[in-house]
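Single-structure report; data block below.
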Amino acid sequence: MTEDRTLRTSRTLPFSPKEIYGAFASADLLALWWGPEGFSNTFEIFEFTAGGRWKFMMHGPDGSNYPNESFFEELVPDTKIVIHHDCPPNFKLTVQLTPVSEGTHLTWEQVFEDAETAKAVKQRAGPANEQNIDRLTRVLSKSANAA
């Protein structure tokens with residue numbers, strides 16, 4: 001049972017699964033939207049393949065730096081992305097992309113190693129995940145308008 005270790009959000013976005021998957025697959029696009037509002041990223045390693053590493057520094061709006069290391073466990077083009085975050089707080093993120101008439105239904109699910117960690121980060125990670133999806137939406141809207 002992982003329910004007490006899981007943070008989940010979902011939203012329907014007005015973009016195709018291919019566009020959303022592409023925003024994960026492109027280091028340039030991903031760096032623009034990954035993380036909560038006010039954060040930026042510097043990628044050191046970005047290997048968007050199953051088993052590939054993703055190492056980066058997340059820069060907070062207050063000037064703090066947050067090192068992150070992950071690997072891509074599973075990549076199903078235009079359908080599913082599974083990322084293992086391999087530094088505290090450790091978790092597995094599964095992003096599902098389901099085509100719907102309005103675009104794509106995105107499901108974002110983080111499963112933490114234990115219930116205590118999930119509970120401890122829930123207050124900031126829940127809103128941060130929503131901000132992450134907001135930022136993704138803005139980046140894809142700008143990309144669509146620029147095309």
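Numbering starts fresh at 1 for the residues of each chain in the structure tokens, the chains themselves are lettered A, B, ... in the order given, and ligands are numbered from 1 as they appear.
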Tell me, which residues of stretch 23-88 of chain A carry DSSP strand (DSSP E), written as number ranges by chain? A: 40-46, 53-59, 65-76, 80-85
Could you please take those selected residues and save C-alpha atoms as an mmCIF file, in the first residue's frame?
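This is the output file again_15.cif:
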data_model
loop_
_atom_site.group_PDB
_atom_site.id
_atom_site.type_symbol
_atom_site.label_atom_id
_atom_site.label_comp_id
_atom_site.auth_asym_id
_atom_site.auth_seq_id
_atom_site.Cartn_x
_atom_site.Cartn_y
_atom_site.Cartn_z
ATOM 1 C CA SER A 40 15.679 28.229 -12.371
ATOM 2 C CA ASN A 41 17.900 25.314 -13.359
ATOM 3 C CA THR A 42 21.397 24.598 -14.625
ATOM 4 C CA PHE A 43 21.692 21.112 -16.115
ATOM 5 C CA GLU A 44 25.006 19.284 -15.795
ATOM 6 C CA ILE A 45 23.931 15.895 -17.210
ATOM 7 C CA PHE A 46 20.734 15.257 -19.170
ATOM 8 C CA ARG A 53 21.067 10.295 -15.738
ATOM 9 C CA TRP A 54 19.756 13.782 -14.997
ATOM 10 C CA LYS A 55 21.948 15.896 -12.747
ATOM 11 C CA PHE A 56 21.234 19.567 -12.203
ATOM 12 C CA MET A 57 21.325 22.497 -9.834
ATOM 13 C CA MET A 58 18.013 24.139 -8.983
ATOM 14 C CA HIS A 59 18.441 27.800 -8.060
ATOM 15 C CA ASN A 65 21.151 26.219 -4.667
ATOM 16 C CA TYR A 66 19.628 22.748 -4.513
ATOM 17 C CA PRO A 67 21.580 19.881 -6.107
ATOM 18 C CA ASN A 68 19.381 17.243 -7.740
ATOM 19 C CA GLU A 69 20.204 13.813 -9.145
ATOM 20 C CA SER A 70 17.747 11.547 -10.901
ATOM 21 C CA PHE A 71 17.565 8.899 -13.564
ATOM 22 C CA PHE A 72 14.931 8.135 -16.153
ATOM 23 C CA GLU A 73 13.536 4.700 -15.314
ATOM 24 C CA GLU A 74 10.992 4.421 -18.111
ATOM 25 C CA LEU A 75 10.186 6.536 -21.157
ATOM 26 C CA VAL A 76 7.214 5.725 -23.384
ATOM 27 C CA LYS A 80 4.662 8.011 -19.857
ATOM 28 C CA ILE A 81 7.749 9.322 -18.072
ATOM 29 C CA VAL A 82 9.119 7.703 -14.905
ATOM 30 C CA ILE A 83 11.858 9.565 -13.036
ATOM 31 C CA HIS A 84 13.703 8.357 -9.919
ATOM 32 C CA HIS A 85 14.856 11.271 -7.754
#
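Using only C-alpha atoms, the protein and nucleic acid residues lying no more than 7 Å from stretch 97-111 of chain A, apart from those fewer than 2 places from it along its own chain, are Arg5, Thr6, Leu7, Arg8, Thr9, Ser10, Arg11, Thr12, Leu13, Pro14, Phe15, Ser16, Pro17, Asp78, Thr79, Lys80, Phe91, Lys92, Leu93, Thr94, Val95 and Glu113 of chain A.
One finds atom CA of A:Trp34 at 9.5 Å from atom CA of A:Asn129.
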Just the number, please: distance in Å from atom CA of A:Ala118 to atom CA of A:Asp4, one decimal. 7.4 Å
Using backbone DSSP assignments, extract all alpha helix (DSSP H) residues from chain A; output them as a PyMOL selection string. chain A and resi 17-25+27-33+115-146
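With distances restricted to only C-alpha atoms, A:Pro89 is the closest residue to A:Lys119 from A:Thr49, A:Pro89, A:Asp62, A:Leu29.
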